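Novice: See structure_15.cif below, with mmCIF, C-alpha atoms.
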data_final
#
loop_
_atom_site.label_atom_id
_atom_site.label_comp_id
_atom_site.auth_asym_id
_atom_site.auth_seq_id
_atom_site.Cartn_x
_atom_site.Cartn_y
_atom_site.Cartn_z
CA MET A 14 88.76 109.41 94.89
CA SER A 15 91.18 106.77 96.19
CA SER A 16 90.46 103.11 96.85
CA PHE A 17 90.69 103.92 100.55
CA ASP A 18 87.63 106.13 100.11
CA LYS A 19 85.67 103.67 97.99
CA PHE A 20 86.62 100.39 99.68
CA SER A 21 87.48 101.40 103.26
CA GLU A 22 85.62 98.46 104.78
CA LYS A 23 87.87 96.02 102.91
CA TYR A 24 90.96 97.30 104.75
CA ASP A 25 89.91 96.25 108.25
CA THR A 26 88.26 93.10 106.89
CA TRP A 27 91.55 91.96 105.39
CA PHE A 28 93.38 92.39 108.68
CA LEU A 29 90.62 90.66 110.64
CA ASN A 30 90.74 87.73 108.19
CA ASN A 31 94.51 87.61 108.69
CA ARG A 32 94.67 88.03 112.47
CA ASN A 33 98.08 86.43 112.95
CA VAL A 34 99.57 88.69 110.29
CA LEU A 35 97.92 91.64 112.04
CA VAL A 36 99.33 90.68 115.44
CA SER A 37 102.79 89.98 114.00
CA GLU A 38 102.89 93.44 112.46
CA LEU A 39 101.43 94.96 115.63
CA LEU A 40 104.20 93.42 117.76
CA LEU A 41 106.80 94.93 115.45
CA VAL A 42 105.27 98.42 115.54
CA GLU A 43 104.87 98.17 119.32
CA LYS A 44 108.54 97.21 119.74
CA MET A 45 109.69 100.19 117.68
CA LEU A 46 107.44 102.69 119.50
CA LYS A 47 108.25 101.49 123.02
CA GLY A 48 109.48 104.37 125.17
CA GLU A 49 108.47 107.13 122.76
CA GLY A 50 106.59 110.16 124.09
CA ARG A 51 104.06 112.12 122.07
CA ILE A 52 103.41 110.36 118.77
CA LEU A 53 101.83 111.56 115.52
CA SER A 54 100.48 108.87 113.21
CA VAL A 55 100.65 109.92 109.56
CA GLY A 56 98.23 107.98 107.37
CA CYS A 57 96.44 106.24 110.22
CA GLY A 58 93.68 104.90 107.96
CA SER A 59 90.88 103.49 110.09
CA GLY A 60 92.94 103.78 113.29
CA LEU A 61 92.98 100.00 113.68
CA PHE A 62 96.64 99.76 114.67
CA GLU A 63 96.43 102.83 116.91
CA SER A 64 93.46 101.41 118.81
CA LEU A 65 95.21 98.06 119.29
CA LEU A 66 98.42 99.77 120.40
CA ARG A 67 96.40 101.69 122.99
CA GLU A 68 95.35 98.35 124.50
CA ARG A 69 99.06 97.49 124.78
CA GLY A 70 100.00 100.69 126.60
CA ILE A 71 101.12 102.86 123.68
CA THR A 72 98.87 105.89 123.33
CA ILE A 73 98.55 107.72 120.02
CA GLU A 74 96.06 110.57 120.12
CA ASP A 75 96.80 112.55 116.94
CA CYS A 76 96.79 111.44 113.34
CA VAL A 77 96.62 112.81 109.81
CA GLU A 78 94.55 110.93 107.23
CA PRO A 79 93.42 112.05 103.75
CA SER A 80 90.67 109.47 103.13
CA GLU A 81 87.20 108.83 104.49
CA MET A 82 88.74 106.15 106.68
CA GLY A 83 89.61 108.99 109.05
CA LYS A 84 85.99 108.98 110.21
CA ILE A 85 86.45 105.41 111.46
CA ALA A 86 89.64 106.49 113.25
CA GLU A 87 87.71 109.32 114.93
CA ALA A 88 85.11 106.81 116.12
CA ARG A 89 88.00 104.87 117.65
CA GLY A 90 88.99 107.89 119.70
CA LEU A 91 91.71 109.55 117.63
CA ARG A 92 91.99 113.26 116.90
CA VAL A 93 92.10 113.22 113.11
CA LYS A 94 93.24 116.07 110.89
CA ARG A 95 92.30 115.70 107.24
CA GLY A 96 95.39 116.15 105.12
CA TYR A 97 98.24 114.61 103.17
CA ALA A 98 101.67 113.41 104.32
CA GLU A 99 103.29 115.76 101.81
CA GLU A 100 101.66 118.82 103.43
CA LEU A 101 100.97 117.99 107.06
CA PRO A 102 98.39 120.32 108.64
CA VAL A 103 100.52 120.34 111.80
CA GLN A 104 102.65 123.02 113.45
CA GLU A 105 103.43 121.50 116.86
CA LYS A 106 106.40 119.19 117.49
CA TYR A 107 106.28 115.49 118.32
CA ASP A 108 108.69 113.03 119.92
CA ALA A 109 107.94 110.44 117.24
CA VAL A 110 106.15 110.15 113.91
CA LEU A 111 104.67 106.81 112.85
CA MET A 112 104.24 106.00 109.16
CA ASN A 113 102.88 102.45 109.17
CA GLY A 114 102.31 100.99 105.71
CA VAL A 115 102.02 104.49 104.27
CA ILE A 116 105.04 105.02 102.03
CA HIS A 117 103.59 102.71 99.32
CA TYR A 118 100.73 105.11 98.63
CA LEU A 119 102.49 108.50 98.72
CA ARG A 120 102.58 110.69 95.65
CA ASP A 121 105.89 112.23 96.76
CA PRO A 122 107.69 110.15 99.43
CA ALA A 123 110.68 112.52 99.54
CA LYS A 124 108.48 115.49 100.38
CA ALA A 125 106.50 113.47 102.94
CA LEU A 126 109.67 112.51 104.81
CA LEU A 127 110.79 116.13 104.87
CA GLU A 128 107.44 116.98 106.42
CA ALA A 129 107.89 114.24 109.02
CA ASN A 130 111.28 115.75 109.82
CA ARG A 131 109.70 119.20 110.19
CA VAL A 132 107.17 118.14 112.82
CA LEU A 133 109.70 116.19 114.91
CA ARG A 134 111.56 117.71 117.82
CA GLU A 135 115.36 117.69 117.65
CA GLY A 136 116.51 114.09 118.04
CA GLY A 137 112.97 112.78 117.55
CA HIS A 138 112.30 109.49 115.80
CA LEU A 139 110.50 108.52 112.63
CA ILE A 140 109.15 104.95 112.72
CA LEU A 141 108.61 103.87 109.12
CA CYS A 142 107.11 100.44 108.43
CA TRP A 143 106.45 98.93 105.02
CA VAL A 144 106.26 95.82 102.83
CA ALA A 145 109.75 95.32 101.42
CA GLY A 146 109.80 95.48 97.64
CA GLU A 147 112.35 92.67 97.39
CA GLY A 148 110.45 90.39 99.79
CA SER A 149 107.99 87.60 99.00
CA TYR A 150 104.94 89.77 99.65
CA GLY A 151 106.29 92.64 97.57
CA LEU A 152 107.05 90.39 94.61
CA LEU A 153 103.70 88.56 94.93
CA TYR A 154 101.81 91.86 95.03
CA ARG A 155 103.60 93.10 91.92
CA LEU A 156 102.60 89.93 90.11
CA ALA A 157 99.01 90.08 91.38
CA SER A 158 98.64 93.64 90.12
CA LEU A 159 99.36 92.31 86.61
CA VAL A 160 97.48 89.00 86.51
CA GLY A 161 95.02 89.17 89.42
CA TRP A 162 94.64 86.84 92.40
CA LYS A 163 92.63 84.18 90.54
CA GLU A 164 95.68 83.30 88.45
CA LEU A 165 97.70 82.89 91.66
CA GLU A 166 95.43 80.47 93.50
CA GLY A 167 97.52 77.85 95.24
CA VAL A 168 100.51 80.13 95.83
CA SER A 169 98.79 83.15 97.40
CA PRO A 170 97.33 83.59 100.92
CA LYS A 171 93.82 82.35 101.61
CA PHE A 172 92.68 85.94 102.08
CA PRO A 173 94.87 88.05 99.75
CA TYR A 174 95.21 91.83 100.00
CA PRO A 175 92.45 93.49 97.91
CA LEU A 176 93.52 94.28 94.37
CA GLU A 177 91.99 97.76 94.72
CA PHE A 178 94.83 98.58 97.13
CA VAL A 179 97.56 96.50 95.50
CA ARG A 180 97.23 98.36 92.21
CA GLU A 181 97.68 101.79 93.84
CA THR A 182 101.03 101.01 95.38
CA LYS A 183 104.78 101.21 94.85
CA TRP A 184 106.76 98.57 96.71
CA GLN A 185 110.01 100.25 97.79
CA THR A 186 113.15 98.23 98.50
CA VAL A 187 115.25 98.64 101.64
CA GLU A 188 117.88 100.64 99.79
CA GLU A 189 115.26 102.94 98.27
CA VAL A 190 113.81 103.68 101.71
CA ARG A 191 117.24 104.20 103.25
CA SER A 192 118.17 106.65 100.51
CA LEU A 193 114.94 108.61 101.01
CA LEU A 194 115.58 108.79 104.76
CA ARG A 195 119.16 110.02 104.35
CA ASN A 196 118.09 112.69 101.89
CA ALA A 197 115.36 113.88 104.28
CA GLY A 198 117.81 114.41 107.14
CA PHE A 199 117.47 111.17 109.11
CA GLU A 200 120.02 108.70 110.44
CA GLU A 201 119.07 105.06 110.91
CA VAL A 202 118.96 103.79 114.49
CA LEU A 203 117.42 100.33 114.12
CA ILE A 204 115.78 98.10 111.53
CA MET A 205 113.56 95.14 112.43
CA GLN A 206 111.51 92.56 110.56
CA THR A 207 108.58 90.16 110.76
CA LEU A 208 106.58 87.87 108.44
CA THR A 209 109.56 85.70 107.53
CA ARG A 210 107.44 82.82 106.20
CA HIS A 211 106.09 82.61 102.66
CA PRO A 212 102.90 84.71 102.28
CA LYS A 213 100.81 81.56 101.88
CA TYR A 214 101.80 80.48 105.41
CA SER A 215 102.49 83.74 107.27
CA ASN A 216 99.02 83.75 108.84
CA ASP A 217 99.47 80.28 110.35
CA GLU A 218 100.89 81.67 113.61
CA VAL A 219 102.00 84.88 115.29
CA GLU A 220 105.66 85.78 114.83
CA ASP A 221 107.85 87.80 117.17
CA PRO A 222 109.90 90.57 115.51
CA SER A 223 113.65 90.23 115.08
CA GLU A 224 116.47 92.57 114.16
CA GLY A 225 117.54 92.82 110.52
CA TYR A 226 115.84 92.94 107.14
CA ASP A 227 117.16 89.97 105.17
CA ARG A 228 114.24 87.55 105.78
CA GLY A 229 111.15 89.53 106.74
CA ASP A 230 108.50 90.84 104.38
CA TYR A 231 107.32 93.57 106.78
CA LEU A 232 110.04 95.91 108.00
CA CYS A 233 110.31 98.87 110.35
CA ILE A 234 113.11 101.42 110.46
CA LYS A 235 113.61 103.73 113.42
CA ALA A 236 115.43 106.84 112.21
CA ARG A 237 116.58 109.86 114.22
CA LYS A 238 116.17 113.45 113.07
CA ARG A 239 119.66 114.84 112.55
#
As structure tokens, please, write out the structure in this file.
Specialist:
Amino acid sequence: MSSFDKFSEKYDTWFLNNRNVLVSELLLVEKMLKGEGRILSVGCGSGLFESLLRERGITIEDCVEPSEMGKIAEARGLRVKRGYAEELPVQEKYDAVLMNGVIHYLRDPAKALLEANRVLREGGHLILCWVAGEGSYGLLYRLASLVGWKELEGVSPKFPYPLEFVRETKWQTVEEVRSLLRNAGFEEVLIMQTLTRHPKYSNDEVEDPSEGYDRGDYLCIKARKR
């Protein structure tokens, strides 16, 4: 049983306690999905992002989620199939696949990206968003997993990400993600970033996304199926 089964309520609570971080990430995901057609969300969790994107004119109806959080996503109006990214219970084709904050928790990221490729139409896009392993958040999370948040008081956010989730993750670097995408048959189209302030201050105000990856802690790559 994963932490997402046992502590599902903590996931939404963290985002609601860090609303400016939530909106900053939402703006980035929205920017990357703009103009896409039929979208499959892989690892939608509670459907929080999908429901907020709907309010902004981006409709995601289908998702795949392995944890009990999928029941919350269903209550938010999504069609949820229970399953894993490495073996998607999907046969139809999509214009875009969204993997938002998912790659950290995958048992086999390489296999999951091959599955994303399989369910995309020719020329379709994968939108992959994650906390950069070399960024301030990634480094802080690695440290917190070893010493806990209490030891980091004064340098960590007011409402830090729950340790139950931090300790289940792998924080991939940009080059690691790029290599995985190339090997799975994708070519990079665009990379964008947000959360460029230190984690202690990133919830102070909403940030607009910008191109690049050299300053932001939360990144999104748009990659085309070759």
Novice: Residues near Asp227 (chain A), anyone? I mean within 10 Å using all atoms listed in the file, not counting same-chain ones fewer than 3 positions away, as a list of chain:residue names.
Specialist: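 Surrounding residues, per the criterion: A:Ala145, A:Glu147, A:Gly148, A:Val187, A:Met205, A:Gln206, A:Thr209, A:Glu224, A:Asp230, A:Leu232.
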Novice: Could you please determine the separation between CA of Ser149 (chain A) and CA of Pro79 (chain A) in Å, to one decimal place?
Specialist: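 These two atoms are separated by 28.9 Å.
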Novice: What lies within 12 Å of Phe28 (chain A) using only C-alpha atoms, ignoring chain neighbours under 5 positions off, as a list in words?
Specialist: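 Non-adjacent residues within range: Glu22, Lys23, Asn33, Val34, Leu35, Val36, Ser37, Glu38, Leu39, Ser59, Leu61, Phe62, Phe172, Pro173, Tyr174, Pro175 and Asn216 of chain A.
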Novice: Could you jot down the CA of Ala236 (chain A) to CA of Gly114 (chain A) separation for me, Å, one decimal place?
Specialist: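 Going from CA of Ala236 (chain A) over to CA of Gly114 (chain A) covers 15.8 Å.
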Novice: I'd like to see the residues matched by the PyMOL selection byres ((chain A and resi 137) around 7) on this file, and ideally I'd get them as a list in words.
Specialist: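 Output from the PyMOL selection byres ((chain A and resi 137) around 7), applied to this file: Asp108, Ala109, Leu133, Arg134, Glu135, Gly136, His138, Leu139, Arg237 and Lys238 of chain A.
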Novice: One number please: CA of Lys124 (chain A) to CA of Cys233 (chain A), in Å, one decimal.
Specialist: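 So the answer is 19.5 Å.
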Novice: Using only C-alpha atoms, which of A:Ala88, A:Gly83, A:Pro212, A:Tyr107 sits nearest Glu49 (chain A)?
Specialist: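 Going through A:Ala88, A:Gly83, A:Pro212, A:Tyr107 one by one, the smallest distance to Glu49 (chain A) is for A:Tyr107.
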Novice: Please determine, counting all atoms listed in the file, which residue among A:Thr207, A:Asn196, A:Ser215, A:Ser54 has the shortest atom-to-atom distance to Val144 (chain A).
Specialist: A:Thr207
Novice: Out of A:Ala125, A:Ile71, A:Val115, A:Ile85, which residue has the shortest atom-to-atom distance to Glu100 (chain A) when counting all atoms listed in the file?
Specialist: A:Ala125
Novice: Could you tell me which of A:Ile52, A:Leu141, A:Cys76, A:Leu203 comes closest to Lys94 (chain A) if we count only C-alpha atoms?
Specialist: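 Of all the options, A:Cys76 lies closest to Lys94 (chain A).
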Novice: Could you complete region 208-224 of chain A so that it carries N, CA, C and O atoms, and give it back as a JSON list (two decimals), in the frame of the given file?
Specialist:
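Written file, result_11.json:
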[["chain", "number", "residue", "atom", "x", "y", "z"],
["A", 208, "LEU", "N", 107.14, 88.59, 109.59],
["A", 208, "LEU", "CA", 106.58, 87.87, 108.44],
["A", 208, "LEU", "C", 107.71, 87.26, 107.61],
["A", 208, "LEU", "O", 107.91, 87.58, 106.44],
["A", 209, "THR", "N", 108.43, 86.33, 108.22],
["A", 209, "THR", "CA", 109.56, 85.70, 107.53],
["A", 209, "THR", "C", 109.15, 84.44, 106.78],
["A", 209, "THR", "O", 109.97, 83.87, 106.05],
["A", 210, "ARG", "N", 107.91, 83.99, 106.95],
["A", 210, "ARG", "CA", 107.44, 82.82, 106.20],
["A", 210, "ARG", "C", 106.87, 83.27, 104.84],
["A", 210, "ARG", "O", 106.54, 84.43, 104.66],
["A", 211, "HIS", "N", 106.73, 82.32, 103.95],
["A", 211, "HIS", "CA", 106.09, 82.61, 102.66],
["A", 211, "HIS", "C", 104.69, 83.17, 102.90],
["A", 211, "HIS", "O", 104.01, 82.75, 103.85],
["A", 212, "PRO", "N", 104.23, 84.11, 102.08],
["A", 212, "PRO", "CA", 102.90, 84.71, 102.28],
["A", 212, "PRO", "C", 101.77, 83.71, 102.43],
["A", 212, "PRO", "O", 100.80, 83.97, 103.14],
["A", 213, "LYS", "N", 101.88, 82.57, 101.78],
["A", 213, "LYS", "CA", 100.81, 81.56, 101.88],
["A", 213, "LYS", "C", 100.68, 81.04, 103.31],
["A", 213, "LYS", "O", 99.60, 80.61, 103.73],
["A", 214, "TYR", "N", 101.78, 81.09, 104.08],
["A", 214, "TYR", "CA", 101.80, 80.48, 105.41],
["A", 214, "TYR", "C", 102.01, 81.49, 106.54],
["A", 214, "TYR", "O", 102.02, 81.09, 107.71],
["A", 215, "SER", "N", 102.14, 82.76, 106.23],
["A", 215, "SER", "CA", 102.49, 83.74, 107.27],
["A", 215, "SER", "C", 101.36, 83.99, 108.26],
["A", 215, "SER", "O", 101.59, 84.53, 109.34],
["A", 216, "ASN", "N", 100.13, 83.59, 107.91],
["A", 216, "ASN", "CA", 99.02, 83.75, 108.84],
["A", 216, "ASN", "C", 98.80, 82.51, 109.71],
["A", 216, "ASN", "O", 97.88, 82.48, 110.52],
["A", 217, "ASP", "N", 99.66, 81.51, 109.58],
["A", 217, "ASP", "CA", 99.47, 80.28, 110.35],
["A", 217, "ASP", "C", 99.69, 80.50, 111.84],
["A", 217, "ASP", "O", 99.04, 79.87, 112.67],
["A", 218, "GLU", "N", 100.62, 81.39, 112.20],
["A", 218, "GLU", "CA", 100.89, 81.67, 113.61],
["A", 218, "GLU", "C", 101.51, 83.05, 113.76],
["A", 218, "GLU", "O", 102.05, 83.61, 112.81],
["A", 219, "VAL", "N", 101.42, 83.58, 114.98],
["A", 219, "VAL", "CA", 102.00, 84.88, 115.29],
["A", 219, "VAL", "C", 103.51, 84.75, 115.36],
["A", 219, "VAL", "O", 104.05, 83.76, 115.86],
["A", 220, "GLU", "N", 104.19, 85.78, 114.86],
["A", 220, "GLU", "CA", 105.66, 85.78, 114.83],
["A", 220, "GLU", "C", 106.19, 86.96, 115.62],
["A", 220, "GLU", "O", 105.71, 88.09, 115.48],
["A", 221, "ASP", "N", 107.19, 86.72, 116.46],
["A", 221, "ASP", "CA", 107.85, 87.80, 117.17],
["A", 221, "ASP", "C", 108.82, 88.52, 116.23],
["A", 221, "ASP", "O", 109.46, 87.87, 115.39],
["A", 222, "PRO", "N", 108.97, 89.84, 116.38],
["A", 222, "PRO", "CA", 109.90, 90.57, 115.51],
["A", 222, "PRO", "C", 111.35, 90.26, 115.84],
["A", 222, "PRO", "O", 111.67, 89.84, 116.97],
["A", 223, "SER", "N", 112.22, 90.45, 114.88],
["A", 223, "SER", "CA", 113.65, 90.23, 115.08],
["A", 223, "SER", "C", 114.42, 91.34, 114.38],
["A", 223, "SER", "O", 113.91, 92.00, 113.47],
["A", 224, "GLU", "N", 115.66, 91.55, 114.80],
["A", 224, "GLU", "CA", 116.47, 92.57, 114.16],
["A", 224, "GLU", "C", 116.89, 92.12, 112.77],
["A", 224, "GLU", "O", 117.02, 90.93, 112.49]]
